[in-house]
$ cat run.cif   # mmCIF, C-alpha atoms
data_final
loop_
_atom_site.label_atom_id
_atom_site.label_comp_id
_atom_site.auth_asym_id
_atom_site.auth_seq_id
_atom_site.Cartn_x
_atom_site.Cartn_y
_atom_site.Cartn_z
CA MET A 1480 -24.19 0.05 -2.26
CA LEU A 1481 -20.86 -1.73 -2.57
CA GLU A 1482 -20.80 -5.41 -1.67
CA LEU A 1483 -17.39 -6.86 -1.01
CA ASN A 1484 -15.54 -9.29 1.22
CA ILE A 1485 -12.42 -7.52 2.48
CA PRO A 1486 -11.66 -8.71 6.03
CA PHE A 1487 -10.50 -5.29 7.28
CA LEU A 1488 -13.89 -3.80 6.36
CA SER A 1489 -16.01 -6.75 7.49
CA LYS A 1490 -17.85 -4.74 10.17
CA CYS A 1491 -18.42 -1.64 8.04
CA THR A 1492 -21.91 -0.86 6.80
CA PHE A 1493 -21.83 2.40 4.81
CA PHE A 1494 -20.06 2.71 1.44
CA GLN A 1495 -20.34 5.91 -0.62
CA LEU A 1496 -18.73 6.33 -4.05
CA ILE A 1497 -16.53 9.44 -4.38
CA GLU A 1498 -16.76 10.83 -7.90
CA GLU A 1499 -14.66 13.99 -7.67
CA GLY A 1500 -10.96 14.24 -8.50
CA PHE A 1501 -8.76 13.47 -11.49
CA SER A 1502 -7.42 10.07 -10.41
CA ASN A 1503 -8.23 6.91 -12.35
CA ASP A 1504 -8.70 5.09 -9.04
CA GLU A 1505 -12.18 4.11 -7.87
CA LYS A 1506 -12.70 5.66 -4.42
CA TRP A 1507 -15.21 4.88 -1.66
CA CYS A 1508 -15.86 6.57 1.67
CA VAL A 1509 -16.47 3.81 4.22
CA ASP A 1510 -18.37 4.61 7.44
CA GLN A 1511 -16.95 8.16 7.27
CA THR A 1512 -13.80 6.58 8.71
CA TYR A 1513 -11.88 4.92 5.88
CA LEU A 1514 -11.09 5.64 2.25
CA LEU A 1515 -11.08 2.57 0.00
CA ARG A 1516 -9.17 3.03 -3.27
CA PHE A 1517 -9.23 0.48 -6.08
CA SER A 1518 -6.28 0.80 -8.45
CA PRO A 1519 -6.88 0.31 -12.20
CA ASP A 1520 -4.16 -2.37 -12.25
CA MET A 1521 -2.97 -5.21 -10.01
CA ASN A 1522 0.45 -3.80 -9.13
CA ILE A 1523 0.35 -4.68 -5.45
CA THR A 1524 4.08 -4.02 -5.07
CA LYS A 1525 3.58 -0.42 -6.18
CA LEU A 1526 0.78 0.07 -3.63
CA GLU A 1527 2.87 -1.47 -0.87
CA LYS A 1528 5.66 1.01 -1.60
CA GLN A 1529 3.15 3.88 -1.54
CA ALA A 1530 1.83 2.62 1.80
CA GLN A 1531 5.31 2.36 3.29
CA LEU A 1532 6.25 5.93 2.34
CA THR A 1533 2.84 7.35 3.27
CA ASN A 1534 2.93 5.80 6.74
CA ALA A 1535 6.48 7.01 7.29
CA VAL A 1536 5.26 10.58 6.75
CA HIS A 1537 2.07 10.02 8.77
CA ALA A 1538 4.27 9.09 11.73
CA ILE A 1539 5.60 12.67 11.84
CA ASP A 1540 2.60 14.60 10.47
CA ALA A 1541 -1.05 13.69 11.05
CA HIS A 1542 -2.13 15.67 7.97
CA ILE A 1543 -1.07 12.61 5.97
CA PRO A 1544 -3.56 9.70 6.08
CA PHE A 1545 -2.53 6.37 7.61
CA VAL A 1546 -2.67 3.29 5.36
CA HIS A 1547 -4.38 0.39 7.15
CA ASP A 1548 -4.42 -2.31 4.50
CA VAL A 1549 -3.26 -3.15 0.98
CA GLY A 1550 -4.39 -6.19 -0.98
CA ILE A 1551 -6.05 -7.76 -4.01
CA TYR A 1552 -9.82 -8.16 -4.34
CA LYS A 1553 -11.45 -9.61 -7.46
CA ASP A 1554 -8.40 -8.93 -9.65
CA ARG A 1555 -7.99 -5.35 -8.47
CA ALA A 1556 -5.41 -3.95 -6.09
CA TYR A 1557 -6.83 -1.88 -3.25
CA MET A 1558 -5.62 0.39 -0.46
CA ILE A 1559 -7.51 1.37 2.71
CA LEU A 1560 -6.54 4.69 4.31
CA ASP A 1561 -7.92 7.08 6.90
CA TYR A 1562 -10.78 9.17 5.55
CA LEU A 1563 -9.91 12.81 6.23
CA ASN A 1564 -12.64 15.43 6.56
CA GLY A 1565 -12.47 18.59 4.54
CA GLU A 1566 -13.28 20.34 1.31
CA ASN A 1567 -11.13 20.27 -1.79
CA GLY A 1568 -8.74 23.24 -1.85
CA ASP A 1569 -9.64 24.13 -5.43
CA VAL A 1570 -13.17 24.81 -4.22
CA ALA A 1571 -12.57 26.04 -0.68
CA LEU A 1572 -9.62 28.43 -1.03
CA PRO A 1573 -11.29 31.05 -3.28
CA MET A 1574 -14.14 31.30 -0.75
CA LYS A 1575 -11.80 32.35 2.08
CA SER A 1576 -10.34 35.75 2.91
CA ALA A 1577 -6.81 36.48 1.73
CA GLU A 1578 -5.59 36.24 5.33
CA VAL A 1579 -7.12 32.78 5.83
CA GLN A 1580 -5.78 31.59 2.49
CA TYR A 1581 -2.28 32.69 3.51
CA GLU A 1582 -2.49 30.98 6.91
CA ILE A 1583 -3.68 27.73 5.30
CA GLY A 1584 -0.67 27.97 2.99
CA ILE A 1585 1.60 28.36 6.02
CA GLN A 1586 0.19 25.14 7.49
CA VAL A 1587 0.58 23.26 4.20
CA GLY A 1588 4.18 24.46 3.81
CA LYS A 1589 5.04 23.07 7.24
CA THR A 1590 3.61 19.67 6.29
CA LEU A 1591 5.67 19.64 3.09
CA LYS A 1592 8.76 20.44 5.18
CA ASN A 1593 7.99 17.50 7.46
CA MET A 1594 7.52 15.19 4.49
CA HIS A 1595 10.82 16.28 2.98
CA SER A 1596 12.69 15.49 6.19
CA ILE A 1597 12.70 11.78 5.27
CA GLN A 1598 15.75 11.08 3.13
CA ALA A 1599 15.98 8.56 0.28
CA PRO A 1600 18.17 5.46 0.74
CA LYS A 1601 21.82 6.02 -0.19
CA GLU A 1602 21.52 3.60 -3.10
CA TYR A 1603 18.67 5.59 -4.68
CA PRO A 1604 19.44 6.61 -8.31
CA SER A 1605 21.11 9.98 -8.92
CA TRP A 1606 18.56 12.75 -9.31
CA GLU A 1607 20.76 14.63 -11.78
CA GLU A 1608 21.29 11.65 -14.09
CA THR A 1609 17.58 10.81 -14.08
CA TRP A 1610 16.51 14.31 -15.02
CA ARG A 1611 19.22 14.97 -17.58
CA ALA A 1612 18.04 11.82 -19.38
CA ARG A 1613 14.40 12.90 -19.17
CA ILE A 1614 15.13 16.35 -20.58
CA ALA A 1615 17.20 14.83 -23.38
CA ARG A 1616 14.19 12.67 -24.36
CA GLN A 1617 11.70 15.53 -24.30
CA ALA A 1618 13.79 18.33 -25.82
CA PRO A 1619 13.38 17.21 -29.49
CA LEU A 1620 9.60 16.96 -29.01
CA PHE A 1621 9.52 20.44 -27.47
CA GLN A 1622 11.54 21.83 -30.38
CA ASP A 1623 8.63 20.94 -32.65
CA ILE A 1624 6.27 22.83 -30.34
CA ILE A 1625 8.54 25.91 -30.37
CA ARG A 1626 8.13 26.15 -34.13
CA ARG A 1627 4.43 26.77 -33.54
CA HIS A 1628 4.96 28.91 -30.42
CA PRO A 1629 8.04 31.16 -30.88
CA ASN A 1630 7.45 32.75 -27.47
CA TYR A 1631 8.67 29.46 -25.95
CA GLN A 1632 12.07 29.74 -27.60
CA ASN A 1633 14.03 30.80 -24.49
CA VAL A 1634 12.82 27.90 -22.32
CA LEU A 1635 15.22 25.19 -23.50
CA PRO A 1636 18.33 27.42 -23.57
CA PHE A 1637 17.51 28.56 -20.02
CA ILE A 1638 17.19 24.93 -18.88
CA GLN A 1639 20.46 23.91 -20.54
CA ASP A 1640 22.30 26.87 -18.95
CA ASN A 1641 21.06 25.91 -15.49
CA LEU A 1642 21.18 22.11 -15.43
CA HIS A 1643 24.33 22.35 -13.33
CA LEU A 1644 22.04 23.26 -10.40
CA LEU A 1645 20.93 19.61 -10.30
CA ASN A 1646 24.43 18.47 -9.38
CA LYS A 1647 24.41 16.48 -6.13
CA ARG A 1648 20.85 17.49 -5.27
CA PRO A 1649 19.35 15.36 -2.45
CA SER A 1650 16.30 13.13 -2.75
CA CYS A 1651 13.62 12.84 -0.08
CA VAL A 1652 10.03 11.70 0.25
CA GLN A 1653 7.84 13.90 -1.92
CA HIS A 1654 4.10 14.01 -2.64
CA TYR A 1655 4.94 14.67 -6.32
CA ASP A 1656 1.45 15.88 -7.27
CA PHE A 1657 1.15 18.95 -5.08
CA HIS A 1658 -1.71 21.29 -6.00
CA PRO A 1659 -4.83 22.68 -4.22
CA GLY A 1660 -7.00 19.82 -5.46
CA ASN A 1661 -4.97 17.50 -3.23
CA ILE A 1662 -5.34 19.45 0.00
CA LEU A 1663 -8.36 19.44 2.30
CA ILE A 1664 -9.68 22.41 4.27
CA HIS A 1665 -12.00 22.12 7.28
CA GLU A 1666 -13.22 25.11 9.29
CA ASP A 1667 -10.58 27.46 7.87
CA GLN A 1668 -7.77 25.04 8.70
CA PHE A 1669 -5.65 22.72 6.58
CA SER A 1670 -6.92 19.23 7.42
CA GLY A 1671 -5.11 16.88 5.08
CA LEU A 1672 -2.84 16.20 2.13
CA ILE A 1673 -4.39 13.44 0.03
CA ASP A 1674 -4.02 11.42 -3.20
CA MET A 1675 -0.64 9.91 -2.40
CA GLN A 1676 -0.46 7.68 -5.50
CA LYS A 1677 2.63 9.46 -6.86
CA ILE A 1678 4.56 9.61 -3.57
CA THR A 1679 8.23 8.96 -4.29
CA TYR A 1680 11.78 10.16 -3.65
CA ALA A 1681 12.78 13.41 -5.37
CA ASP A 1682 14.60 16.70 -4.89
CA PRO A 1683 12.57 18.56 -2.23
CA ILE A 1684 12.46 21.79 -4.25
CA ASN A 1685 10.98 19.90 -7.17
CA GLU A 1686 7.79 19.59 -5.06
CA PHE A 1687 6.91 23.16 -6.04
CA TYR A 1688 7.15 22.70 -9.80
CA LYS A 1689 3.37 23.08 -10.30
CA MET A 1690 3.09 26.36 -8.39
CA GLU A 1691 2.59 28.60 -11.44
CA TYR A 1692 0.38 26.11 -13.27
CA PHE A 1693 -2.10 25.10 -10.60
CA ASN A 1694 -1.47 26.70 -7.19
CA VAL A 1695 -1.13 30.39 -8.03
CA GLN A 1696 -4.03 30.06 -10.47
CA VAL A 1697 -6.28 29.22 -7.50
CA SER A 1698 -4.84 31.51 -4.82
CA THR A 1699 -1.81 33.79 -4.73
CA PRO A 1700 -2.00 34.39 -0.93
CA TYR A 1701 -2.13 30.64 -0.32
CA SER A 1702 0.84 30.08 -2.63
CA ARG A 1703 2.89 32.72 -0.83
CA GLY A 1704 1.93 31.08 2.46
CA VAL A 1705 3.12 27.66 1.27
CA VAL A 1706 6.57 29.03 0.46
CA ASP A 1707 6.77 31.06 3.69
CA GLY A 1708 5.55 28.16 5.84
CA TYR A 1709 8.06 25.84 4.23
CA HIS A 1710 10.80 28.25 5.30
CA ASP A 1711 9.37 28.81 8.80
CA LYS A 1712 8.55 32.42 7.81
CA ASN A 1713 12.26 33.15 7.44
CA PRO A 1714 13.64 34.89 4.33
CA VAL A 1715 13.51 32.54 1.35
CA PRO A 1716 17.09 31.75 0.24
CA PRO A 1717 18.13 32.57 -3.35
CA SER A 1718 19.03 28.91 -3.86
CA PHE A 1719 15.35 27.97 -3.49
CA TRP A 1720 14.28 30.39 -6.20
CA GLU A 1721 17.13 29.33 -8.52
CA LEU A 1722 15.96 25.74 -8.37
CA HIS A 1723 12.26 26.56 -8.45
CA ARG A 1724 12.74 28.66 -11.59
CA LEU A 1725 14.58 25.76 -13.23
CA TYR A 1726 11.90 23.23 -12.26
CA ALA A 1727 9.18 25.59 -13.48
CA ALA A 1728 10.91 25.73 -16.87
CA ILE A 1729 11.36 21.96 -16.98
CA HIS A 1730 7.68 21.54 -16.16
CA ILE A 1731 6.76 23.72 -19.14
CA VAL A 1732 8.56 21.25 -21.41
CA SER A 1733 6.90 18.21 -19.80
CA ALA A 1734 3.43 19.77 -19.70
CA GLU A 1735 3.53 21.03 -23.28
CA VAL A 1736 4.80 17.71 -24.64
CA TRP A 1737 2.04 15.91 -22.71
CA GLY A 1738 -0.57 18.45 -23.79
CA HIS A 1739 0.32 18.08 -27.47
CA GLU A 1740 0.39 14.29 -27.34
CA GLY A 1741 -1.51 12.56 -24.57
CA GLY A 1742 -3.66 15.38 -23.22
CA ILE A 1743 -5.08 16.94 -26.38
CA ASN A 1744 -8.23 18.14 -24.62
CA GLN A 1745 -6.04 20.06 -22.14
CA LYS A 1746 -3.72 21.62 -24.75
CA GLU A 1747 -5.22 25.13 -24.82
CA LYS A 1748 -5.51 25.29 -21.04
CA PHE A 1749 -1.89 24.23 -20.63
CA GLN A 1750 -0.76 26.79 -23.19
CA GLY A 1751 -2.39 29.46 -21.04
CA TYR A 1752 -0.56 28.16 -17.97
CA THR A 1753 2.70 28.14 -19.93
CA ARG A 1754 2.28 31.76 -21.01
CA PHE A 1755 1.48 32.69 -17.40
CA THR A 1756 4.62 30.94 -16.12
CA ILE A 1757 6.86 32.59 -18.69
CA ASP A 1758 5.38 35.98 -17.81
CA GLN A 1759 5.79 35.41 -14.07
CA PHE A 1760 9.54 35.00 -14.59
CA ASP A 1761 9.70 37.65 -17.36
CA ASP A 1762 10.92 35.03 -19.84
CA PHE A 1763 13.19 33.64 -17.09
CA LYS A 1764 15.05 36.88 -16.55
CA LEU A 1765 13.57 37.25 -13.04
CA ASP A 1766 14.92 35.15 -10.18
CA VAL A 1767 11.73 35.42 -8.09
CA PRO A 1768 8.31 35.11 -9.76
CA LYS A 1769 6.00 38.12 -9.79
CA TRP A 1770 3.27 36.34 -7.81
CA TYR A 1771 5.54 36.17 -4.76
CA THR A 1772 6.83 39.76 -4.88
CA GLN A 1773 3.81 41.76 -6.06
#
$ encode --input "run.cif" --output "structure tokens"
Amino acid sequence: MLELNIPFLSKCTFFQLIEEGFSNDEKWCVDQTYLLRFSPDMNITKLEKQAQLTNAVHAIDAHIPFVHDVGIYKDRAYMILDYLNGENGDVALPMKSAEVQYEIGIQVGKTLKNMHSIQAPKEYPSWEETWRARIARQAPLFQDIIRRHPNYQNVLPFIQDNLHLLNKRPSCVQHYDFHPGNILIHEDQFSGLIDMQKITYADPINEFYKMEYFNVQVSTPYSRGVVDGYHDKNPVPPSFWELHRLYAAIHIVSAEVWGHEGGINQKEKFQGYTRFTIDQFDDFKLDVPKWYTQ
């Protein structure tokens, strides 16, 4: 039982620790109504920015939780949001029929589209400059990895040949950690998009950069549904796939560098995801990944 003195929760009586998920935050379900998150640091300004962006999206899509309160309690920053009912998509999706998985993907794609309708302020830093600098930092580290994995050798040249696609790309509100573990499913329906800690402004198509690593691995029908729902079931334009293919390649570089340095225990798993991504694009010779067309 959690004992605390946060005014917003003064009348609440039931606190249950939530132990699932990959976040470093400490999470509590409160009266089956609120989610209390304690951040590992005291950066209240960061949480206030998250709350502002999250509530802006909630105003146009109820699948996003509303943030009720942000503050400091006993040297820890906290956030209080709506508690959304549902089962983790990583667990729930494989238990559904292919048709239900696809329809859930359609619903999720529509929520992503709503989220991306909120534009970044005009003074927000250039997306192209930010990402060119990031790639320049990571490329030498990835070169070392290529020496051990020659099948990665076409990734960097492909990225360099296509960086022009980042020119004048827009920035909008983005979840920035989109994968099935961050969606909730209740009674065969999409019930919520959660874990908003990374919410930020970014190129809307960048939202899909983890598709081959984490989404398709859980459910191909769901992944197709996400893309189709995002495009209102209209034909997906070639420009989407051009950018998605580029972001998938950039993610390989970031994930492999992280896996070889900070995430050693995940290195072999990430190498498997990398091989899968390269195969899906036939070493980046295909415009549209196999999982969408087959």
$ resolve_selection --input "run.cif" --expression "the PyMOL selection byres ((chain A and resi 1646-1656) around 9)" --output "PyMOL selection string"
chain A and resi 1532-1533+1536+1591+1594-1600+1603+1605-1608+1642-1645+1657-1658+1661+1672-1683+1685-1687+1689
$ residues_around --input "run.cif" --residues "A:Arg1724" --least-positions-apart "6" --cutoff "9 Å" --atoms "all atoms listed in the file" --output "ChimeraX atom specification"
/A:1688,1760,1763,1765-1768
$ atom_distance --input "run.cif" --atom1 "atom CA of A:Thr1512" --atom2 "atom CA of A:His1547"
11.4 Å
$ resolve_selection --input "run.cif" --expression "the PyMOL selection byres ((chain A and resi 1748) around 12)" --output "PyMOL selection string"
chain A and resi 1692-1693+1696+1734-1735+1738-1739+1742-1747+1749-1755
$ write_last_selection --input "run.cif" --atoms "C-alpha atoms" --output "compact mmCIF listing (two decimals), in the coordinates of the input"
# COMPACT_ATOMS: atom_id res chain seq x y z
CA TYR A 1692 0.38 26.11 -13.27
CA PHE A 1693 -2.10 25.10 -10.60
CA GLN A 1696 -4.03 30.06 -10.47
CA ALA A 1734 3.43 19.77 -19.70
CA GLU A 1735 3.53 21.03 -23.28
CA GLY A 1738 -0.57 18.45 -23.79
CA HIS A 1739 0.32 18.08 -27.47
CA GLY A 1742 -3.66 15.38 -23.22
CA ILE A 1743 -5.08 16.94 -26.38
CA ASN A 1744 -8.23 18.14 -24.62
CA GLN A 1745 -6.04 20.06 -22.14
CA LYS A 1746 -3.72 21.62 -24.75
CA GLU A 1747 -5.22 25.13 -24.82
CA PHE A 1749 -1.89 24.23 -20.63
CA GLN A 1750 -0.76 26.79 -23.19
CA GLY A 1751 -2.39 29.46 -21.04
CA TYR A 1752 -0.56 28.16 -17.97
CA THR A 1753 2.70 28.14 -19.93
CA ARG A 1754 2.28 31.76 -21.01
CA PHE A 1755 1.48 32.69 -17.40
$ atom_distance --input "run.cif" --atom1 "atom CA of A:Val1697" --atom2 "atom CA of A:Asn1630"
24.5 Å
$ closest_residue --input "run.cif" --among "A:Arg1611, A:His1628, A:His1665, A:His1710" --to "A:Val1570" --atoms "all atoms listed in the file"
A:His1665
$ residues_around --input "run.cif" --residues "A:Gln1511" --least-positions-apart "4" --cutoff "10 Å" --atoms "all atoms listed in the file" --output "tab-separated table (two decimals) with C-alpha atoms, keeping the file's coordinate frame"
chain	number	residue	atom	x	y	z
A	1491	CYS	CA	-18.42	-1.64	8.04
A	1493	PHE	CA	-21.83	2.40	4.81
A	1494	PHE	CA	-20.06	2.71	1.44
A	1495	GLN	CA	-20.34	5.91	-0.62
A	1507	TRP	CA	-15.21	4.88	-1.66
A	1561	ASP	CA	-7.92	7.08	6.90
A	1562	TYR	CA	-10.78	9.17	5.55
A	1563	LEU	CA	-9.91	12.81	6.23
A	1564	ASN	CA	-12.64	15.43	6.56
